[in-house]
Amino acid sequence: MTEGQAMTAADELRLPPVAPEVLAAAVESLTSRLRKKLDATVEQYAALPLAPGPDGAGVSVRCGEDTVVTLLPGPAGTVAEEGQAQCSCLLAPRCLHRAAVLGCCPIADPPAAGAAPQAGSAEAEGGAPAAEEAAGQAPAAAEPPAPVRPTPAQVRAADDLWAAAAAVLAAGVPAAGAVPQAELLRAAHTARLADLHRAEAAALRVVRGLRSARARYSSHRTADLAAALRELLLTTALLRSGPADPALLGTARRAYKPGGALRVHGVFREPVLTATGYGGVVTHLVTEDGRWLSVADIKPGGPARARGAGTAPVSVGSAALDHAGLSRGGLLVSGATVSADGRLGSGRGVRANPVAGLGWGSGPVAALFSRPLAESAADRLADGPLADPEQTERLRRPVGCDLVVLGAEADCLLARELDRETGAPHGPLVRLVAANRHPDLAHTANLARLAAHPGLRVRVLGRVEPDRAATLRPLAVAPVPGASATLKLPPEWQGHADLGYDLLQGANFPSAEELAADGPVVAAEPDPLDGSPLWRVRRQVELAVSGGRRAVAESARSGGARTDAAALRRTGFRTAAELTTALAEEADRRQRDVFGRLGEASADRYAERWLAAAVHLTGAERELVRATWRSRETG
């Protein structure tokens, strides 16, 4: 039995993803009394065991002695219609059992004809910019698109999303339970109907972030939830204000289009685990003219599915090749179909035959290693705060570099780039962090083994981390040509190791004598962002998300906001000081009616103040990150 077949029962039987509008409708159908019980019931039902549905179809949850909720997902594996969620109680379908079970399900991505589930940052994008870079050229500047005026329906949808997001921000994580989340999901569905796809995607990320925070998942980061809220509020604010950049509308996930005849070469593969309950693999390919494409196998499942998919057959034509072989080989495809995000399709008319692959030292992949790392990183970080997180093709494209390992620091591997001519370390200190920290994947173990060999020369393909100082997330590694103190990989790996799948062993590393003979290693240095006073702004922004308006107001009353503002002014961050002060004052503002009674404070003004601080913080931090990548010679 293969690793892919040896899945546990927990991985095989999972709650299916639910469409946002189905969950929203279930919550809205509850009486006010039942809504008050919903959060506690969701938490209770999340621990209940799952059982197969009638005749083995779907999933059943026993919520009591005489009550069973059955979920019967459609062909796409998603509960996309209200009738696909059934309860045996007398109050069904307007019952607490059904709404609570649906509240335990992952939130499904919007449907797209002919497209596989999204994998977040798992795919590098295709298109002309990638081809130009592979050829060693900078992408040509394009004319900015003309602004578009949102329709009345789009403005109303943006208003609804803004109001729902502002309410969530004011409440904070502790009070943003199932009911506020359902209101946000209902507004997201309305946005999709109005073709506001970027705003809808941001709203879904906010809901998933709230769920992770409330469930205290180890993978949750308050910074991620704050980024999703910033994106949602900024997008809707700009849409409500009049003519807007067409990018603010976003695009629906489109079906595959004809791609003609293609010869593609495998570069590497990476495991995928998504917040919506999907697992699998994406194998990244490059065409002969330098375009990045991919083949994905992503289905409902967990870590076991992500591991097993690494050796699963490739579903492109009738090619007798698995993902491990494709990442080191190639395909000759006729009648190819390609999606908007660069995925090769597997339609009825597609024909594919395996061909020999190209190593990293030749062809379009070799061009990635001919460009200085600082230049490649600066290109990836060119997008500003207005960039759509789901359309940042430039940021997701891998960069290539030759590095010398310096050692480990906390969760990072420290390294420095090797000069292409002399082979000496130079440029900024580079930090490498695991692309995925899940313990069932090989990323973390491989990074630790690399860090244990100071002086090792290694060729790396990875993605630039936009939120940390000079940081890469490595995806695959290879030996440095001509170096003695470098990796020694088995012949069957054909020149590179996929860090999510191929586990490096002791025999893959040079001896201590070889490491010592390959020249001195430059000492590490402190993270230049550690001393930045912007942490005071981030603390205020994230406190607002995690604790809500009340937490920010309490900080203002205790003097914490004044202390932060004073420190920011002393260090030259005057705009940041003004914005955090305005946020704290608005959080503690109270309105009174004509009789002097306290009323509800304005959620709109509070959201505006928070958004201004969050956008300024993002821009300032991105500029500091860019500065850490600027090449700097060291002695």
# chains A, B, ... in the order shown; residues from 1 in each chain; ligands from 1
call {"tool": "select_by_dssp", "arguments": {"residues": "stretch 465-530 of chain A", "states": "alpha helix (DSSP H)", "output": "PyMOL selection string"}}
result
chain A and resi 512-517
call {"tool": "residues_around", "arguments": {"residues": "A:Ala19", "least_positions_apart": "5", "cutoff": "8 Å", "atoms": "only C-alpha atoms", "output": "list in words"}}
result
Thr78, Val79, Ala80, Glu81, Ile107, Ala108, Asp109 and Pro110 of chain A
call {"tool": "select_by_dssp", "arguments": {"residues": "stretch 53-238 of chain A", "states": "strand (DSSP E or B)", "output": "list in words"}}
result
Val59, Ser60, Val61, Arg62, Val68, Val69, Thr70, Leu71, Val79, Ala85, Gln86, Cys87, Ile107 and Val148 of chain A
call {"tool": "write_last_selection", "arguments": {"atoms": "N, CA and C atoms", "output": "PDB file, in the first residue's frame"}}
result
ATOM      1  N   VAL A  59     -21.875  12.804   5.008  1.00  0.00           N
ATOM      2  CA  VAL A  59     -21.407  12.722   6.386  1.00  0.00           C
ATOM      3  C   VAL A  59     -22.587  12.982   7.315  1.00  0.00           C
ATOM      4  N   SER A  60     -22.662  12.229   8.404  1.00  0.00           N
ATOM      5  CA  SER A  60     -23.709  12.418   9.404  1.00  0.00           C
ATOM      6  C   SER A  60     -23.089  12.791  10.747  1.00  0.00           C
ATOM      7  N   VAL A  61     -23.810  13.644  11.493  1.00  0.00           N
ATOM      8  CA  VAL A  61     -23.401  14.044  12.835  1.00  0.00           C
ATOM      9  C   VAL A  61     -24.585  13.823  13.759  1.00  0.00           C
ATOM     10  N   ARG A  62     -24.404  12.993  14.783  1.00  0.00           N
ATOM     11  CA  ARG A  62     -25.478  12.754  15.751  1.00  0.00           C
ATOM     12  C   ARG A  62     -25.403  13.827  16.836  1.00  0.00           C
ATOM     13  N   VAL A  68     -30.144  13.742  14.041  1.00  0.00           N
ATOM     14  CA  VAL A  68     -28.983  13.510  13.182  1.00  0.00           C
ATOM     15  C   VAL A  68     -28.996  14.554  12.066  1.00  0.00           C
ATOM     16  N   VAL A  69     -27.871  15.206  11.867  1.00  0.00           N
ATOM     17  CA  VAL A  69     -27.693  16.137  10.753  1.00  0.00           C
ATOM     18  C   VAL A  69     -26.868  15.437   9.687  1.00  0.00           C
ATOM     19  N   THR A  70     -27.371  15.432   8.464  1.00  0.00           N
ATOM     20  CA  THR A  70     -26.693  14.771   7.353  1.00  0.00           C
ATOM     21  C   THR A  70     -26.323  15.798   6.296  1.00  0.00           C
ATOM     22  N   LEU A  71     -25.081  15.763   5.879  1.00  0.00           N
ATOM     23  CA  LEU A  71     -24.582  16.643   4.822  1.00  0.00           C
ATOM     24  C   LEU A  71     -24.310  15.809   3.584  1.00  0.00           C
ATOM     25  N   VAL A  79     -21.188  21.597   0.005  1.00  0.00           N
ATOM     26  CA  VAL A  79     -22.608  21.785   0.312  1.00  0.00           C
ATOM     27  C   VAL A  79     -23.002  23.139  -0.273  1.00  0.00           C
ATOM     28  N   ALA A  85     -28.123  19.934   3.189  1.00  0.00           N
ATOM     29  CA  ALA A  85     -27.911  19.869   4.639  1.00  0.00           C
ATOM     30  C   ALA A  85     -29.260  19.580   5.286  1.00  0.00           C
ATOM     31  N   GLN A  86     -29.422  18.400   5.873  1.00  0.00           N
ATOM     32  CA  GLN A  86     -30.705  17.950   6.390  1.00  0.00           C
ATOM     33  C   GLN A  86     -30.587  17.589   7.863  1.00  0.00           C
ATOM     34  N   CYS A  87     -31.675  17.857   8.598  1.00  0.00           N
ATOM     35  CA  CYS A  87     -31.726  17.504  10.015  1.00  0.00           C
ATOM     36  C   CYS A  87     -32.993  16.708  10.274  1.00  0.00           C
ATOM     37  N   ILE A 107     -15.367  26.978   5.082  1.00  0.00           N
ATOM     38  CA  ILE A 107     -16.032  27.847   4.119  1.00  0.00           C
ATOM     39  C   ILE A 107     -15.487  27.540   2.730  1.00  0.00           C
ATOM     40  N   VAL A 148     -13.085  52.877 -13.555  1.00  0.00           N
ATOM     41  CA  VAL A 148     -14.461  52.492 -13.867  1.00  0.00           C
ATOM     42  C   VAL A 148     -15.373  52.984 -12.746  1.00  0.00           C
TER      43      VAL A 148
END
call {"tool": "residues_around", "arguments": {"residues": "A:Thr628", "least_positions_apart": "3", "cutoff": "7 Å", "atoms": "only C-alpha atoms", "output": "list in words"}}
result
Pro428, Ala469, Ala470, Leu624 and Val625 of chain A
call {"tool": "write_last_selection", "arguments": {"atoms": "C-alpha atoms", "output": "PDB file, in the first residue's frame"}}
result
ATOM      1  CA  PRO A 428      22.399  41.374   2.743  1.00  0.00           C
ATOM      2  CA  ALA A 469      13.380  41.486   6.672  1.00  0.00           C
ATOM      3  CA  ALA A 470      15.238  39.888   3.713  1.00  0.00           C
ATOM      4  CA  LEU A 624      11.668  48.869   5.476  1.00  0.00           C
ATOM      5  CA  VAL A 625      11.595  45.325   4.093  1.00  0.00           C
TER       6      VAL A 625
END
call {"tool": "closest_atom_pairs", "arguments": {"of": "stretch 229-336 of chain A", "to": "stretch 500-510 of chain A", "cutoff": "8 Å", "atoms": "only C-alpha atoms", "output": "JSON lines"}}
result
{"residue": "A:Arg269", "atom": "CA", "partner": "A:Gly500", "partner_atom": "CA", "distance": 7.9}
{"residue": "A:Glu270", "atom": "CA", "partner": "A:Gly500", "partner_atom": "CA", "distance": 5.7}
{"residue": "A:Pro271", "atom": "CA", "partner": "A:Gly500", "partner_atom": "CA", "distance": 6.0}
{"residue": "A:Arg307", "atom": "CA", "partner": "A:Tyr501", "partner_atom": "CA", "distance": 7.3}
{"residue": "A:Gly310", "atom": "CA", "partner": "A:Tyr501", "partner_atom": "CA", "distance": 7.2}
call {"tool": "closest_residue", "arguments": {"among": "A:Pro490, A:Leu441, A:Ala170, A:Glu288", "to": "A:Arg550", "atoms": "only C-alpha atoms"}}
result
A:Ala170
call {"tool": "closest_residue", "arguments": {"among": "A:Asp527, A:Thr486, A:Ala544, A:Asp195", "to": "A:Ala410", "atoms": "only C-alpha atoms"}}
result
A:Asp527
call {"tool": "atom_distance", "arguments": {"atom1": "atom CA of A:Pro454", "atom2": "atom CA of A:Val404"}}
result
7.7 Å
call {"tool": "residues_around", "arguments": {"residues": "stretch 230-244 of chain A", "least_positions_apart": "6", "cutoff": "6 Å", "atoms": "only C-alpha atoms", "output": "count of residues only"}}
result
8
call {"tool": "closest_residue", "arguments": {"among": "A:Ser346, A:Pro20, A:Leu50, A:Ala312", "to": "A:Glu200", "atoms": "only C-alpha atoms"}}
result
A:Pro20
call {"tool": "atom_distance", "arguments": {"atom1": "atom CA of A:Leu15", "atom2": "atom CA of A:Thr41"}}
result
16.2 Å
call {"tool": "residues_around", "arguments": {"residues": "A:Asp419", "least_positions_apart": "4", "cutoff": "10 Å", "atoms": "only C-alpha atoms", "output": "number ranges by chain"}}
result
A: 372, 401-403, 423-427
call {"tool": "residues_around", "arguments": {"residues": "A:Asp411", "least_positions_apart": "4", "cutoff": "10 Å", "atoms": "only C-alpha atoms", "output": "list in words"}}
result
Arg431, Leu432, Val433, Ala434, Arg437, Thr444, Leu447 and Ala448 of chain A
call {"tool": "write_last_selection", "arguments": {"atoms": "C-alpha atoms", "output": "PDB file, in the first residue's frame"}}
result
ATOM      1  CA  ARG A 431      16.758  34.531   6.418  1.00  0.00           C
ATOM      2  CA  LEU A 432      15.103  31.327   5.241  1.00  0.00           C
ATOM      3  CA  VAL A 433      11.915  30.156   6.972  1.00  0.00           C
ATOM      4  CA  ALA A 434       9.870  27.020   6.337  1.00  0.00           C
ATOM      5  CA  ARG A 437       5.504  24.451   9.231  1.00  0.00           C
ATOM      6  CA  THR A 444      10.875  22.226   8.768  1.00  0.00           C
ATOM      7  CA  LEU A 447      15.542  23.484   6.960  1.00  0.00           C
ATOM      8  CA  ALA A 448      16.919  22.346  10.320  1.00  0.00           C
TER       9      ALA A 448
END
call {"tool": "residues_around", "arguments": {"residues": "stretch 616-621 of chain A", "least_positions_apart": "4", "cutoff": "12 Å", "atoms": "only C-alpha atoms", "output": "MDAnalysis selection string"}}
result
chainID A and resid 223 226:227 230:231 234 381:387 466:469 528:530 532:542 573:580 609:612 625:628
call {"tool": "closest_residue", "arguments": {"among": "A:Ala556, A:Thr422, A:Leu429, A:Leu472", "to": "A:Arg380", "atoms": "only C-alpha atoms"}}
result
A:Leu472
call {"tool": "atom_distance", "arguments": {"atom1": "atom CA of A:Asp498", "atom2": "atom CA of A:Ser219"}}
result
22.6 Å
call {"tool": "closest_residue", "arguments": {"among": "A:Val480, A:Leu413, A:Ala76, A:Ala352", "to": "A:Gly400", "atoms": "only C-alpha atoms"}}
result
A:Val480
